[in-house]
Amino acid sequence: MHNASTTNLGSQARLATLDELLKTTIPLFLAPPPSAETLRDWFDKARIPRFKSNPLAKRGGGPVFYSVTAVEKYLRNRILPG
């Protein structure tokens, strides 16, 4: 049995990897979407919060997750005038 709150969970993500952002959020703002390397550079310069899967790992540690809310806010402020 599905209800509205269960079916909308995908659109309410708090954290996402660059690959996930490139598939879901970035196309809503940019076409064609920039490369993952370009996005990483933009997000680092904008100081968008990111989180490692294993924060204790010195190198690697799995995928890096970005705050979806911060990414959306950044793109709205950068893309939309005013």
# chains A, B, ... in the order shown; residues from 1 in each chain; ligands from 1
>>> select_by_dssp(residues="segment 4-78 of chain A", states="alpha helix (DSSP H)", output="tab-separated table (two decimals) with all heavy atoms, in the first residue's frame")
chain	number	residue	atom	x	y	z
A	4	ALA	N	0.74	9.08	-0.33
A	4	ALA	CA	1.40	10.23	-0.96
A	4	ALA	C	2.78	10.49	-0.36
A	4	ALA	O	3.71	10.81	-1.09
A	4	ALA	CB	0.52	11.47	-0.84
A	5	SER	N	2.93	10.34	0.93
A	5	SER	CA	4.22	10.62	1.54
A	5	SER	C	5.27	9.59	1.12
A	5	SER	O	6.43	9.92	0.99
A	5	SER	CB	4.11	10.67	3.07
A	5	SER	OG	3.72	9.41	3.57
A	6	THR	N	4.86	8.35	0.87
A	6	THR	CA	5.80	7.33	0.43
A	6	THR	C	6.22	7.56	-1.01
A	6	THR	O	7.39	7.42	-1.36
A	6	THR	CB	5.15	5.93	0.56
A	6	THR	OG1	4.72	5.75	1.89
A	6	THR	CG2	6.14	4.84	0.19
A	7	THR	N	5.31	7.94	-1.88
A	7	THR	CA	5.63	8.10	-3.30
A	7	THR	C	6.44	9.36	-3.56
A	7	THR	O	7.12	9.45	-4.58
A	7	THR	CB	4.35	8.12	-4.15
A	7	THR	OG1	3.51	9.17	-3.69
A	7	THR	CG2	3.64	6.80	-4.09
A	18	LEU	N	27.03	13.41	-6.90
A	18	LEU	CA	27.05	14.19	-8.14
A	18	LEU	C	26.31	13.46	-9.25
A	18	LEU	O	25.58	14.09	-10.03
A	18	LEU	CB	28.50	14.46	-8.58
A	18	LEU	CG	29.18	15.64	-7.92
A	18	LEU	CD1	30.62	15.75	-8.39
A	18	LEU	CD2	28.45	16.93	-8.20
A	19	ASP	N	26.48	12.14	-9.34
A	19	ASP	CA	25.77	11.37	-10.37
A	19	ASP	C	24.26	11.49	-10.20
A	19	ASP	O	23.53	11.66	-11.18
A	19	ASP	CB	26.19	9.90	-10.32
A	19	ASP	CG	27.59	9.67	-10.84
A	19	ASP	OD1	28.11	10.54	-11.59
A	19	ASP	OD2	28.18	8.64	-10.49
A	20	GLU	N	23.79	11.39	-8.97
A	20	GLU	CA	22.35	11.54	-8.71
A	20	GLU	C	21.87	12.94	-9.05
A	20	GLU	O	20.80	13.12	-9.64
A	20	GLU	CB	22.04	11.21	-7.26
A	20	GLU	CG	22.23	9.75	-6.91
A	20	GLU	CD	22.20	9.47	-5.43
A	20	GLU	OE1	22.48	10.39	-4.62
A	20	GLU	OE2	21.90	8.32	-5.07
A	21	LEU	N	22.67	13.95	-8.69
A	21	LEU	CA	22.31	15.33	-9.01
A	21	LEU	C	22.25	15.55	-10.52
A	21	LEU	O	21.37	16.25	-11.02
A	21	LEU	CB	23.30	16.30	-8.38
A	21	LEU	CG	23.23	16.44	-6.86
A	21	LEU	CD1	24.43	17.21	-6.33
A	21	LEU	CD2	21.93	17.10	-6.44
A	22	LEU	N	23.19	14.94	-11.25
A	22	LEU	CA	23.21	15.07	-12.71
A	22	LEU	C	22.00	14.42	-13.36
A	22	LEU	O	21.58	14.83	-14.44
A	22	LEU	CB	24.50	14.49	-13.29
A	22	LEU	CG	25.71	15.41	-13.21
A	22	LEU	CD1	27.00	14.65	-13.48
A	22	LEU	CD2	25.55	16.57	-14.19
A	23	LYS	N	21.44	13.42	-12.72
A	23	LYS	CA	20.26	12.74	-13.27
A	23	LYS	C	18.96	13.42	-12.89
A	23	LYS	O	17.98	13.34	-13.64
A	23	LYS	CB	20.21	11.29	-12.78
A	23	LYS	CG	21.30	10.42	-13.35
A	23	LYS	CD	21.23	9.03	-12.75
A	23	LYS	CE	22.42	8.20	-13.18
A	23	LYS	NZ	22.46	6.90	-12.47
A	36	ALA	N	30.56	16.53	-14.35
A	36	ALA	CA	30.66	16.33	-12.90
A	36	ALA	C	31.84	17.11	-12.34
A	36	ALA	O	31.77	17.69	-11.25
A	36	ALA	CB	30.77	14.85	-12.57
A	37	GLU	N	32.93	17.17	-13.10
A	37	GLU	CA	34.12	17.90	-12.66
A	37	GLU	C	33.82	19.39	-12.52
A	37	GLU	O	34.22	20.03	-11.55
A	37	GLU	CB	35.26	17.69	-13.65
A	37	GLU	CG	36.56	18.32	-13.23
A	37	GLU	CD	37.69	18.02	-14.21
A	37	GLU	OE1	37.81	16.86	-14.63
A	37	GLU	OE2	38.43	18.96	-14.53
A	38	THR	N	33.10	19.95	-13.48
A	38	THR	CA	32.71	21.37	-13.42
A	38	THR	C	31.81	21.62	-12.22
A	38	THR	O	32.00	22.59	-11.48
A	38	THR	CB	32.01	21.79	-14.72
A	38	THR	OG1	32.92	21.64	-15.80
A	38	THR	CG2	31.53	23.23	-14.66
A	39	LEU	N	30.83	20.75	-12.02
A	39	LEU	CA	29.92	20.91	-10.88
A	39	LEU	C	30.67	20.84	-9.57
A	39	LEU	O	30.43	21.64	-8.67
A	39	LEU	CB	28.84	19.83	-10.91
A	39	LEU	CG	27.78	19.99	-11.99
A	39	LEU	CD1	26.87	18.78	-11.99
A	39	LEU	CD2	26.99	21.26	-11.79
A	40	ARG	N	31.60	19.89	-9.44
A	40	ARG	CA	32.39	19.76	-8.22
A	40	ARG	C	33.14	21.06	-7.95
A	40	ARG	O	33.19	21.55	-6.81
A	40	ARG	CB	33.36	18.58	-8.34
A	40	ARG	CG	34.10	18.27	-7.07
A	40	ARG	CD	35.01	17.06	-7.21
A	40	ARG	NE	34.28	15.87	-7.63
A	40	ARG	CZ	34.45	15.25	-8.81
A	40	ARG	NH1	35.32	15.69	-9.68
A	40	ARG	NH2	33.74	14.19	-9.11
A	41	ASP	N	33.72	21.63	-8.98
A	41	ASP	CA	34.46	22.89	-8.85
A	41	ASP	C	33.52	24.02	-8.40
A	41	ASP	O	33.83	24.77	-7.48
A	41	ASP	CB	35.14	23.23	-10.16
A	41	ASP	CG	36.02	24.46	-10.07
A	41	ASP	OD1	36.83	24.54	-9.12
A	41	ASP	OD2	35.91	25.34	-10.95
A	42	TRP	N	32.36	24.14	-9.05
A	42	TRP	CA	31.39	25.17	-8.67
A	42	TRP	C	30.96	25.00	-7.22
A	42	TRP	O	30.89	25.97	-6.47
A	42	TRP	CB	30.15	25.10	-9.56
A	42	TRP	CG	30.32	25.56	-10.97
A	42	TRP	CD1	31.43	26.09	-11.55
A	42	TRP	CD2	29.32	25.50	-11.99
A	42	TRP	NE1	31.18	26.36	-12.88
A	42	TRP	CE2	29.90	26.01	-13.16
A	42	TRP	CE3	28.01	25.05	-12.02
A	42	TRP	CZ2	29.19	26.10	-14.36
A	42	TRP	CZ3	27.30	25.14	-13.20
A	42	TRP	CH2	27.89	25.67	-14.36
A	43	PHE	N	30.62	23.76	-6.85
A	43	PHE	CA	30.12	23.51	-5.51
A	43	PHE	C	31.18	23.77	-4.45
A	43	PHE	O	30.88	24.29	-3.38
A	43	PHE	CB	29.58	22.08	-5.39
A	43	PHE	CG	28.39	21.77	-6.27
A	43	PHE	CD1	27.99	20.46	-6.45
A	43	PHE	CD2	27.69	22.77	-6.91
A	43	PHE	CE1	26.90	20.15	-7.25
A	43	PHE	CE2	26.59	22.48	-7.72
A	43	PHE	CZ	26.20	21.17	-7.88
A	44	ASP	N	32.42	23.43	-4.75
A	44	ASP	CA	33.51	23.71	-3.81
A	44	ASP	C	33.70	25.21	-3.63
A	44	ASP	O	33.86	25.69	-2.51
A	44	ASP	CB	34.82	23.08	-4.27
A	44	ASP	CG	34.83	21.56	-4.11
A	44	ASP	OD1	33.93	21.02	-3.44
A	44	ASP	OD2	35.74	20.92	-4.67
A	45	LYS	N	33.68	25.96	-4.73
A	45	LYS	CA	33.83	27.42	-4.65
A	45	LYS	C	32.67	28.07	-3.90
A	45	LYS	O	32.85	29.07	-3.23
A	45	LYS	CB	33.97	28.01	-6.05
A	45	LYS	CG	35.31	27.70	-6.68
A	45	LYS	CD	35.41	28.29	-8.06
A	45	LYS	CE	36.77	27.93	-8.67
A	45	LYS	NZ	36.89	28.39	-10.05
A	68	VAL	N	21.20	18.66	-1.21
A	68	VAL	CA	20.35	18.96	-2.36
A	68	VAL	C	19.75	20.36	-2.22
A	68	VAL	O	19.70	21.13	-3.19
A	68	VAL	CB	19.25	17.90	-2.53
A	68	VAL	CG1	18.28	18.28	-3.63
A	68	VAL	CG2	19.87	16.54	-2.80
A	69	THR	N	19.34	20.72	-1.03
A	69	THR	CA	18.77	22.05	-0.80
A	69	THR	C	19.78	23.14	-1.13
A	69	THR	O	19.44	24.13	-1.78
A	69	THR	CB	18.32	22.19	0.66
A	69	THR	OG1	17.41	21.14	0.95
A	69	THR	CG2	17.66	23.52	0.92
A	70	ALA	N	21.02	22.97	-0.71
A	70	ALA	CA	22.05	23.97	-0.98
A	70	ALA	C	22.36	24.04	-2.47
A	70	ALA	O	22.58	25.13	-3.01
A	70	ALA	CB	23.32	23.65	-0.20
A	71	VAL	N	22.37	22.91	-3.15
A	71	VAL	CA	22.61	22.89	-4.59
A	71	VAL	C	21.50	23.63	-5.32
A	71	VAL	O	21.75	24.47	-6.19
A	71	VAL	CB	22.74	21.44	-5.11
A	71	VAL	CG1	22.69	21.40	-6.63
A	71	VAL	CG2	24.01	20.80	-4.60
A	72	GLU	N	20.25	23.36	-4.96
A	72	GLU	CA	19.12	24.04	-5.60
A	72	GLU	C	19.18	25.54	-5.35
A	72	GLU	O	18.95	26.34	-6.26
A	72	GLU	CB	17.80	23.46	-5.09
A	72	GLU	CG	17.53	22.06	-5.58
A	72	GLU	CD	16.29	21.45	-4.98
A	72	GLU	OE1	15.77	21.98	-3.96
A	72	GLU	OE2	15.83	20.42	-5.51
A	73	LYS	N	19.47	25.94	-4.14
A	73	LYS	CA	19.56	27.37	-3.82
A	73	LYS	C	20.68	28.03	-4.62
A	73	LYS	O	20.50	29.11	-5.18
A	73	LYS	CB	19.82	27.54	-2.32
A	73	LYS	CG	19.88	28.97	-1.87
A	73	LYS	CD	20.07	29.05	-0.37
A	73	LYS	CE	20.18	30.49	0.08
A	73	LYS	NZ	20.38	30.60	1.53
A	74	TYR	N	21.82	27.37	-4.70
A	74	TYR	CA	22.95	27.88	-5.47
A	74	TYR	C	22.56	28.06	-6.94
A	74	TYR	O	22.82	29.11	-7.54
A	74	TYR	CB	24.14	26.94	-5.33
A	74	TYR	CG	25.25	27.21	-6.31
A	74	TYR	CD1	26.10	28.29	-6.14
A	74	TYR	CD2	25.45	26.39	-7.42
A	74	TYR	CE1	27.13	28.55	-7.04
A	74	TYR	CE2	26.46	26.65	-8.31
A	74	TYR	CZ	27.30	27.72	-8.12
A	74	TYR	OH	28.31	27.97	-9.03
A	75	LEU	N	21.94	27.04	-7.52
A	75	LEU	CA	21.58	27.12	-8.93
A	75	LEU	C	20.51	28.19	-9.18
A	75	LEU	O	20.59	28.91	-10.19
A	75	LEU	CB	21.08	25.75	-9.42
A	75	LEU	CG	22.18	24.69	-9.50
A	75	LEU	CD1	21.57	23.32	-9.79
A	75	LEU	CD2	23.22	25.05	-10.55
A	76	ARG	N	19.55	28.32	-8.28
A	76	ARG	CA	18.53	29.37	-8.45
A	76	ARG	C	19.19	30.76	-8.41
A	76	ARG	O	18.87	31.63	-9.21
A	76	ARG	CB	17.48	29.28	-7.35
A	76	ARG	CG	16.43	28.27	-7.62
A	76	ARG	CD	15.27	28.40	-6.64
A	76	ARG	NE	14.54	27.14	-6.63
A	76	ARG	CZ	14.65	26.20	-5.70
A	76	ARG	NH1	15.43	26.40	-4.65
A	76	ARG	NH2	13.98	25.10	-5.79
A	77	ASN	N	20.10	30.97	-7.49
A	77	ASN	CA	20.75	32.27	-7.36
A	77	ASN	C	21.73	32.54	-8.50
A	77	ASN	O	21.91	33.69	-8.88
A	77	ASN	CB	21.47	32.38	-6.02
A	77	ASN	CG	20.52	32.46	-4.86
A	77	ASN	OD1	19.39	32.87	-5.02
A	77	ASN	ND2	20.98	32.04	-3.71
A	78	ARG	N	22.35	31.51	-9.00
A	78	ARG	CA	23.34	31.67	-10.07
A	78	ARG	C	22.69	31.78	-11.44
A	78	ARG	O	23.13	32.55	-12.28
A	78	ARG	CB	24.30	30.50	-10.05
A	78	ARG	CG	25.37	30.57	-11.11
A	78	ARG	CD	26.30	29.37	-11.01
A	78	ARG	NE	27.18	29.32	-12.13
A	78	ARG	CZ	28.45	29.73	-12.13
A	78	ARG	NH1	28.95	30.21	-11.03
A	78	ARG	NH2	29.17	29.64	-13.21
>>> select_by_dssp(residues="segment 25-77 of chain A", states="strand (DSSP E)", output="ChimeraX atom specification")
/A:50-52,64-67
